[in-house]
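Heads up: the structure comes next, in structure tokens.
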Amino acid sequence: MRTVKGIDEFLTDGRSILLAYDQGLEHGPTDFNEKNLDPAYIMEIAEKGGFNGVIFQKGVAEKYYDGRVPLIIKVNGKANLYKGEPVSKQICSVEEAVSLGAKAVGYTIYLGSQFEADMFAEFGKLHEDARKYGLPVIAWIYPRGAAIKNDTAPEIVAYAARTGLELGADAVKIKYTGDPKTFSWAVRNAGKVKVYMSGGPKAPTEHDFLMQVEGAIQAGATGLAVGRNVWQSEDPVATAKRLRQIVIEGKRIEQPAYH
Ligand code: FBP
């Protein structure tokens with residue numbers, strides 16, 4: 001049996017929080033304010049917030065990554081101007097990711113898209129390349145396209161998790177179903193593959209987001225790979241501290257006071 005030890009670098013007591021910052025390509029600058037448009041600020045949050053890894057595209061990694069936290073390079077990506085069936089192609093090789101200091105690589109698959117087969121094939125090659133370097137592969141598996149009516153339906157999220165296991169991912173990054181019971185079905189379908197919950201757009205309140213995080217952890221998730229809910233927060237380092245308490249220390253969140 002082949003094993004990839006590298007992913008353990010991201011784990012603290014078996015859990016971890018990863019800071020995602022590839023939205024400049026995936027969504028464009030409307031996600032940013034004057035502070036968080038600067039990747040140097042994100043490096044600072046990653047370190048001060050105690051993140052176990054930071055996720056960049058290769059261009060940001062080349063110019064801003066300074067080694068303060070482990071690096072994960074997203075090796076494929078797309079912009080969101082074209083609104084057809086989604087497809088994301090590889091734009092950075094494993095060799096290049098390693099030369100930039102990556103300790104793992106990430107790849108997005110739009111499960112259910114008309115172009116799913118292209119991404120499966122490319123992921124297969126990437127997986128083979130990554131194994132040569134002993135590098136873990138994290139699969140962002142996002143069901144999307146005309147065939148997908150509800151991307152957070154329990155059976156769709158569980159299918160995404162299972163796809164990660166079938167394709168050889170070491171970890172999958174999937175959306176939360178909305179409750180721990182259905183999310184635990186997804187986690188169980190992922191088998192030995194580690195499950196990271198994806199953040200999504202900034203929740204109406206931080207408490208709403210923390211409830212999702214707690215639900216995912218109760219369901220057996222390894223952790224979070226989150227972006228906007230951290231770096232769009234008023235105080236990202238304080239938000240990160242609360243995330244660590246739930247994910248790493250296993251604390252329960254405090255209920256808000258109702259008056
Ligand atoms: P967020 O926590 O900001 O949602 O980031 C997680 C992430 O997977 C990013 O890595 C990626 O850029 C983005 O979500 C993709 O978002 P979308 O679901 O809109 O394609």
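In the structure tokens, each chain is lettered A, B, ... as it comes, each chain's residues begin at 1, and ligands are numbered from 1 in order of appearance.
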Counting only C-alpha atoms and all ligand atoms, give me one row per residue of chain A with an atom at most 9 Å from an atom of ligand 1, showing the shortest contact pair and its distance in Å to one decimal, sorted by chain then residue number, as a tab-separated table.
residue	atom	partner	partner_atom_place_in_ligand_line	distance
A:Leu19	CA	ligand 1	2 (O)	8.0
A:Ala20	CA	ligand 1	10 (O)	4.9
A:Tyr21	CA	ligand 1	10 (O)	6.2
A:Asp22	CA	ligand 1	12 (O)	4.6
A:Gln23	CA	ligand 1	12 (O)	3.9
A:Gly24	CA	ligand 1	12 (O)	7.5
A:Leu25	CA	ligand 1	12 (O)	7.3
A:Glu26	CA	ligand 1	12 (O)	5.0
A:His27	CA	ligand 1	19 (O)	6.7
A:Asp31	CA	ligand 1	3 (O)	8.6
A:Ile55	CA	ligand 1	10 (O)	7.4
A:Phe56	CA	ligand 1	10 (O)	8.6
A:Lys74	CA	ligand 1	10 (O)	8.1
A:Gly77	CA	ligand 1	12 (O)	8.5
A:Asn80	CA	ligand 1	20 (O)	8.2
A:Thr108	CA	ligand 1	8 (O)	8.3
A:Trp140	CA	ligand 1	8 (O)	6.6
A:Ile141	CA	ligand 1	8 (O)	9.0
A:Tyr142	CA	ligand 1	18 (O)	7.2
A:Lys173	CA	ligand 1	8 (O)	7.3
A:Ile174	CA	ligand 1	8 (O)	8.1
A:Lys175	CA	ligand 1	18 (O)	8.4
A:Met197	CA	ligand 1	2 (O)	8.7
A:Ser198	CA	ligand 1	6 (C)	5.2
A:Gly199	CA	ligand 1	2 (O)	3.3
A:Gly200	CA	ligand 1	4 (O)	3.2
A:Pro201	CA	ligand 1	4 (O)	5.5
A:Lys202	CA	ligand 1	3 (O)	7.5
A:Leu224	CA	ligand 1	2 (O)	8.6
A:Ala225	CA	ligand 1	6 (C)	6.2
A:Val226	CA	ligand 1	2 (O)	3.6
A:Gly227	CA	ligand 1	2 (O)	3.6
A:Arg228	CA	ligand 1	3 (O)	3.8
A:Asn229	CA	ligand 1	2 (O)	6.0
A:Val230	CA	ligand 1	2 (O)	7.8
A:Trp231	CA	ligand 1	3 (O)	8.5
A:Gln232	CA	ligand 1	3 (O)	8.9
Write a file of the selected residues as a short mmCIF file (atom, residue, chain, number, x, y, z; two decimals), in the first residue's frame, keeping N, CA, C and O atoms.
data_model
loop_
_atom_site.label_atom_id
_atom_site.label_comp_id
_atom_site.auth_asym_id
_atom_site.auth_seq_id
_atom_site.Cartn_x
_atom_site.Cartn_y
_atom_site.Cartn_z
N LEU A 19 -5.93 28.14 5.16
CA LEU A 19 -6.43 29.44 4.71
C LEU A 19 -6.38 29.51 3.18
O LEU A 19 -5.31 29.44 2.58
N ALA A 20 -7.57 29.61 2.57
CA ALA A 20 -7.65 29.62 1.10
C ALA A 20 -7.63 31.05 0.55
O ALA A 20 -8.36 31.92 1.04
N TYR A 21 -6.78 31.26 -0.45
CA TYR A 21 -6.68 32.60 -1.05
C TYR A 21 -6.39 32.46 -2.55
O TYR A 21 -5.38 32.94 -3.05
N ASP A 22 -7.31 31.80 -3.25
CA ASP A 22 -7.21 31.73 -4.71
C ASP A 22 -8.41 32.44 -5.35
O ASP A 22 -8.63 32.35 -6.54
N GLN A 23 -9.17 33.17 -4.50
CA GLN A 23 -10.40 33.80 -4.98
C GLN A 23 -10.16 34.93 -5.96
O GLN A 23 -11.06 35.29 -6.73
N GLY A 24 -8.94 35.51 -5.95
CA GLY A 24 -8.62 36.58 -6.91
C GLY A 24 -8.79 36.09 -8.33
O GLY A 24 -9.19 36.85 -9.23
N LEU A 25 -8.50 34.81 -8.55
CA LEU A 25 -8.71 34.22 -9.87
C LEU A 25 -10.13 33.68 -10.00
O LEU A 25 -10.83 33.95 -10.97
N GLU A 26 -10.58 32.95 -9.00
CA GLU A 26 -11.87 32.25 -9.09
C GLU A 26 -13.07 33.20 -9.10
O GLU A 26 -14.08 32.91 -9.74
N HIS A 27 -12.95 34.33 -8.38
CA HIS A 27 -14.09 35.26 -8.28
C HIS A 27 -13.77 36.65 -8.80
O HIS A 27 -14.67 37.40 -9.14
N ASP A 31 -14.26 40.33 -4.40
CA ASP A 31 -14.18 39.67 -3.08
C ASP A 31 -13.33 40.48 -2.09
O ASP A 31 -13.37 40.22 -0.90
N ILE A 55 -3.22 28.48 1.04
CA ILE A 55 -3.45 27.99 -0.33
C ILE A 55 -3.39 29.15 -1.30
O ILE A 55 -4.19 30.09 -1.23
N PHE A 56 -2.41 29.08 -2.22
CA PHE A 56 -2.23 30.13 -3.22
C PHE A 56 -2.19 29.52 -4.62
O PHE A 56 -1.82 28.35 -4.79
N LYS A 74 -2.72 25.57 -5.52
CA LYS A 74 -3.86 25.16 -6.35
C LYS A 74 -3.30 25.09 -7.77
O LYS A 74 -2.89 26.10 -8.31
N GLY A 77 -7.25 26.24 -12.19
CA GLY A 77 -8.05 27.41 -11.81
C GLY A 77 -8.77 27.95 -13.02
O GLY A 77 -8.46 27.62 -14.17
N ASN A 80 -14.33 33.61 -13.48
CA ASN A 80 -15.77 33.33 -13.54
C ASN A 80 -16.54 34.24 -14.50
O ASN A 80 -17.73 34.44 -14.34
N THR A 108 -9.25 21.45 -8.46
CA THR A 108 -10.73 21.51 -8.43
C THR A 108 -11.33 20.64 -9.52
O THR A 108 -10.93 20.74 -10.69
N TRP A 140 -10.59 19.62 -4.48
CA TRP A 140 -11.77 20.46 -4.25
C TRP A 140 -12.85 19.79 -5.12
O TRP A 140 -12.70 19.79 -6.35
N ILE A 141 -13.84 19.20 -4.56
CA ILE A 141 -14.84 18.56 -5.43
C ILE A 141 -16.16 19.30 -5.29
O ILE A 141 -16.86 19.20 -4.28
N TYR A 142 -16.43 20.08 -6.33
CA TYR A 142 -17.61 20.94 -6.34
C TYR A 142 -18.57 20.49 -7.43
O TYR A 142 -18.32 20.71 -8.62
N LYS A 173 -12.11 18.58 -0.32
CA LYS A 173 -12.66 19.84 0.21
C LYS A 173 -14.06 19.90 -0.36
O LYS A 173 -14.24 19.94 -1.59
N ILE A 174 -15.05 19.84 0.52
CA ILE A 174 -16.44 19.78 0.05
C ILE A 174 -17.30 20.79 0.81
O ILE A 174 -16.91 21.26 1.88
N LYS A 175 -18.45 21.08 0.24
CA LYS A 175 -19.36 22.04 0.90
C LYS A 175 -20.12 21.36 2.02
O LYS A 175 -20.36 20.15 1.99
N MET A 197 -14.01 21.02 5.25
CA MET A 197 -15.20 21.79 4.89
C MET A 197 -14.79 23.07 4.19
O MET A 197 -13.87 23.76 4.63
N SER A 198 -15.48 23.37 3.10
CA SER A 198 -15.23 24.60 2.36
C SER A 198 -16.04 25.73 2.99
O SER A 198 -17.14 25.49 3.51
N GLY A 199 -15.50 26.94 2.95
CA GLY A 199 -16.15 28.03 3.68
C GLY A 199 -17.39 28.62 3.03
O GLY A 199 -18.45 28.71 3.62
N GLY A 200 -17.25 29.05 1.77
CA GLY A 200 -18.36 29.72 1.09
C GLY A 200 -18.36 31.21 1.36
O GLY A 200 -17.48 31.74 2.05
N PRO A 201 -19.37 31.92 0.81
CA PRO A 201 -19.45 33.37 1.02
C PRO A 201 -19.57 33.69 2.50
O PRO A 201 -19.99 32.84 3.29
N LYS A 202 -19.21 34.92 2.85
CA LYS A 202 -19.23 35.29 4.27
C LYS A 202 -20.64 35.10 4.82
O LYS A 202 -21.62 35.58 4.25
N LEU A 224 -10.96 22.59 8.16
CA LEU A 224 -11.54 23.60 7.28
C LEU A 224 -10.51 24.07 6.28
O LEU A 224 -9.34 24.19 6.61
N ALA A 225 -10.97 24.38 5.08
CA ALA A 225 -10.15 25.12 4.13
C ALA A 225 -11.03 26.30 3.77
O ALA A 225 -11.97 26.19 2.99
N VAL A 226 -10.72 27.42 4.36
CA VAL A 226 -11.65 28.55 4.38
C VAL A 226 -10.95 29.84 3.99
O VAL A 226 -9.78 30.02 4.27
N GLY A 227 -11.68 30.71 3.32
CA GLY A 227 -11.09 31.97 2.89
C GLY A 227 -11.89 33.17 3.36
O GLY A 227 -11.57 33.81 4.36
N ARG A 228 -13.00 33.44 2.64
CA ARG A 228 -13.72 34.70 2.85
C ARG A 228 -14.22 34.90 4.27
O ARG A 228 -14.22 36.03 4.76
N ASN A 229 -14.65 33.83 4.93
CA ASN A 229 -15.15 34.00 6.30
C ASN A 229 -14.05 34.38 7.27
O ASN A 229 -14.33 34.78 8.40
N VAL A 230 -12.80 34.27 6.83
CA VAL A 230 -11.68 34.71 7.69
C VAL A 230 -11.18 36.08 7.23
O VAL A 230 -11.24 37.06 7.98
N TRP A 231 -10.69 36.16 5.98
CA TRP A 231 -10.04 37.43 5.62
C TRP A 231 -11.00 38.56 5.28
O TRP A 231 -10.59 39.70 5.15
N GLN A 232 -12.32 38.26 5.20
CA GLN A 232 -13.29 39.36 5.10
C GLN A 232 -13.82 39.75 6.48
O GLN A 232 -14.62 40.67 6.59
#
Would you please extract all strand (DSSP E) residues from segment 13-256 of chain A, as assigned by DSSP on the backbone, and give them as a CSV table (one decimal) with N, CA and C atoms, in the first residue's frame?
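Listing of selection_0.csv after writing:
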chain,number,residue,atom,x,y,z
A,16,SER,N,-6.9,20.2,11.3
A,16,SER,CA,-6.2,21.4,10.8
A,16,SER,C,-7.1,22.4,10.2
A,17,ILE,N,-6.6,23.7,10.1
A,17,ILE,CA,-7.3,24.7,9.5
A,17,ILE,C,-6.4,25.3,8.4
A,18,LEU,N,-6.9,25.4,7.2
A,18,LEU,CA,-6.1,25.9,6.0
A,18,LEU,C,-6.8,27.2,5.5
A,19,LEU,N,-5.9,28.1,5.2
A,19,LEU,CA,-6.4,29.4,4.7
A,19,LEU,C,-6.4,29.5,3.2
A,20,ALA,N,-7.6,29.6,2.6
A,20,ALA,CA,-7.7,29.6,1.1
A,20,ALA,C,-7.6,31.1,0.6
A,53,GLY,N,-1.8,25.7,7.1
A,53,GLY,CA,-1.4,25.8,5.7
A,53,GLY,C,-2.1,27.0,5.0
A,54,VAL,N,-1.4,27.5,3.9
A,54,VAL,CA,-2.0,28.6,3.2
A,54,VAL,C,-2.1,28.1,1.7
A,55,ILE,N,-3.2,28.5,1.0
A,55,ILE,CA,-3.5,28.0,-0.3
A,55,ILE,C,-3.4,29.2,-1.3
A,56,PHE,N,-2.4,29.1,-2.2
A,56,PHE,CA,-2.2,30.1,-3.2
A,56,PHE,C,-2.2,29.5,-4.6
A,71,LEU,N,2.8,25.6,2.5
A,71,LEU,CA,2.2,26.1,1.3
A,71,LEU,C,1.5,25.0,0.6
A,72,ILE,N,0.3,25.3,0.1
A,72,ILE,CA,-0.5,24.4,-0.8
A,72,ILE,C,-0.7,25.2,-2.1
A,73,ILE,N,-0.3,24.6,-3.2
A,73,ILE,CA,-0.6,25.3,-4.5
A,73,ILE,C,-1.8,24.7,-5.2
A,74,LYS,N,-2.7,25.6,-5.5
A,74,LYS,CA,-3.9,25.2,-6.3
A,74,LYS,C,-3.3,25.1,-7.8
A,76,ASN,N,-4.8,24.0,-10.6
A,76,ASN,CA,-5.7,24.4,-11.7
A,76,ASN,C,-6.6,25.6,-11.2
A,77,GLY,N,-7.3,26.2,-12.2
A,77,GLY,CA,-8.0,27.4,-11.8
A,77,GLY,C,-8.8,28.0,-13.0
A,89,LYS,N,-8.7,23.9,-15.8
A,89,LYS,CA,-7.5,23.2,-16.3
A,89,LYS,C,-6.3,23.5,-15.5
A,90,GLN,N,-5.3,22.6,-15.6
A,90,GLN,CA,-4.1,22.7,-14.9
A,90,GLN,C,-3.2,23.8,-15.4
A,102,ALA,N,5.8,24.1,-2.3
A,102,ALA,CA,4.5,23.5,-1.9
A,102,ALA,C,4.7,22.2,-1.2
A,103,LYS,N,3.9,22.0,-0.1
A,103,LYS,CA,3.9,20.8,0.6
A,103,LYS,C,2.7,19.9,0.3
A,104,ALA,N,1.9,20.4,-0.6
A,104,ALA,CA,0.7,19.7,-1.1
A,104,ALA,C,0.2,20.4,-2.3
A,105,VAL,N,-0.6,19.7,-3.2
A,105,VAL,CA,-1.2,20.4,-4.3
A,105,VAL,C,-2.7,20.2,-4.2
A,106,GLY,N,-3.4,21.2,-4.8
A,106,GLY,CA,-4.9,21.2,-4.8
A,106,GLY,C,-5.4,21.2,-6.2
A,107,TYR,N,-6.5,20.6,-6.5
A,107,TYR,CA,-7.1,20.6,-7.8
A,107,TYR,C,-8.6,20.6,-7.7
A,108,THR,N,-9.3,21.4,-8.5
A,108,THR,CA,-10.7,21.5,-8.4
A,108,THR,C,-11.3,20.6,-9.5
A,109,ILE,N,-12.3,19.8,-9.1
A,109,ILE,CA,-13.1,19.0,-10.1
A,109,ILE,C,-14.5,19.5,-10.0
A,137,VAL,N,-2.3,15.1,-2.4
A,137,VAL,CA,-3.2,15.8,-3.3
A,137,VAL,C,-4.5,16.1,-2.6
A,138,ILE,N,-4.9,17.4,-2.6
A,138,ILE,CA,-6.2,17.8,-2.1
A,138,ILE,C,-7.2,18.1,-3.2
A,139,ALA,N,-8.3,17.4,-3.2
A,139,ALA,CA,-9.3,17.6,-4.3
A,139,ALA,C,-10.4,18.5,-3.8
A,140,TRP,N,-10.6,19.6,-4.5
A,140,TRP,CA,-11.8,20.5,-4.3
A,140,TRP,C,-12.8,19.8,-5.1
A,141,ILE,N,-13.8,19.2,-4.6
A,141,ILE,CA,-14.8,18.6,-5.4
A,141,ILE,C,-16.2,19.3,-5.3
A,171,ALA,N,-7.1,14.2,0.5
A,171,ALA,CA,-8.1,14.9,1.2
A,171,ALA,C,-9.1,15.5,0.2
A,172,VAL,N,-10.3,15.7,0.6
A,172,VAL,CA,-11.3,16.4,-0.2
A,172,VAL,C,-11.8,17.6,0.5
A,173,LYS,N,-12.1,18.6,-0.3
A,173,LYS,CA,-12.7,19.8,0.2
A,173,LYS,C,-14.1,19.9,-0.4
A,174,ILE,N,-15.1,19.8,0.5
A,174,ILE,CA,-16.4,19.8,0.1
A,174,ILE,C,-17.3,20.8,0.8
A,194,LYS,N,-9.2,12.4,4.0
A,194,LYS,CA,-9.5,13.5,5.0
A,194,LYS,C,-10.5,14.4,4.4
A,195,VAL,N,-11.4,14.9,5.2
A,195,VAL,CA,-12.5,15.8,4.7
A,195,VAL,C,-12.3,17.2,5.3
A,196,TYR,N,-12.2,18.2,4.4
A,196,TYR,CA,-12.2,19.6,4.8
A,196,TYR,C,-13.4,20.2,4.3
A,197,MET,N,-14.0,21.0,5.3
A,197,MET,CA,-15.2,21.8,4.9
A,197,MET,C,-14.8,23.1,4.2
A,198,SER,N,-15.5,23.4,3.1
A,198,SER,CA,-15.2,24.6,2.4
A,198,SER,C,-16.0,25.7,3.0
A,223,GLY,N,-11.1,19.1,9.2
A,223,GLY,CA,-10.9,20.6,9.4
A,223,GLY,C,-11.6,21.4,8.4
A,224,LEU,N,-11.0,22.6,8.2
A,224,LEU,CA,-11.5,23.6,7.3
A,224,LEU,C,-10.5,24.1,6.3
A,225,ALA,N,-11.0,24.4,5.1
A,225,ALA,CA,-10.1,25.1,4.1
A,225,ALA,C,-11.0,26.3,3.8
A,226,VAL,N,-10.7,27.4,4.4
A,226,VAL,CA,-11.6,28.5,4.4
A,226,VAL,C,-11.0,29.8,4.0
Exercise. Pick from A:Glu44, A:Glu206, A:Glu62, A:Glu85: nearest to Leu100 of chain A, with only C-alpha atoms counted?
Worked result: A:Glu62
Exercise. Smallest atom-to-atom distance to Leu243 of chain A: which of A:Thr152, A:Gln114, A:Gln212, A:Ser93, using only C-alpha atoms?
Worked result: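 Closest to Leu243 of chain A of all the choices is A:Gln212.
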For this session: Between A:Asp170, A:Asp235, A:Asp66, A:Glu122, single out the one closest to Ile45 of chain A, counting only C-alpha atoms.
Result: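 Counting only C-alpha atoms, the residue closest to Ile45 of chain A is A:Asp235.
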For this session: Write out as a ChimeraX atom specification which residues come within 12 Å of Phe115 of chain A when counting only C-alpha atoms, dropping same-chain ones fewer than 5 positions away.
Result: /A:84-89,109-110,120-122,143-147
Exercise. If you run DSSP on the backbone, which residues of segment 38-257 of chain A are alpha helix (DSSP H), as a ChimeraX atom specification?
Worked result: /A:39-48,58-64,94-99,116-133,154-167,180-189,206-218,228-231,236-247
For this session: Can you pull out every residue within 9 Å of Gly168 of chain A, counting only C-alpha atoms, but drop anything in the same chain fewer than 6 positions away, and send it as a list in words?
Result: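 The filter keeps Gly124, His127, Val137 and Val193 of chain A.
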Exercise. Which is closest to Leu165 of chain A among A:Pro236, A:Gly14, A:Gly191, A:Pro136, if we use only C-alpha atoms?
Worked result: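 The shortest atom-to-atom distance to Leu165 of chain A comes from A:Gly191.
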Exercise. Which of these residues is nearest to Leu126 of chain A, using only C-alpha atoms: A:Ala240, A:Ala97, A:Asn33, A:Leu81?
Worked result: A:Ala97
Exercise. Quick one: of A:Glu128, A:Asp8, A:Glu214, A:Glu34, who's nearest to Ile248 of chain A, counting only C-alpha atoms?
Worked result: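 Of A:Glu128, A:Asp8, A:Glu214, A:Glu34, the one nearest Ile248 of chain A, counting only C-alpha atoms, is A:Glu214.
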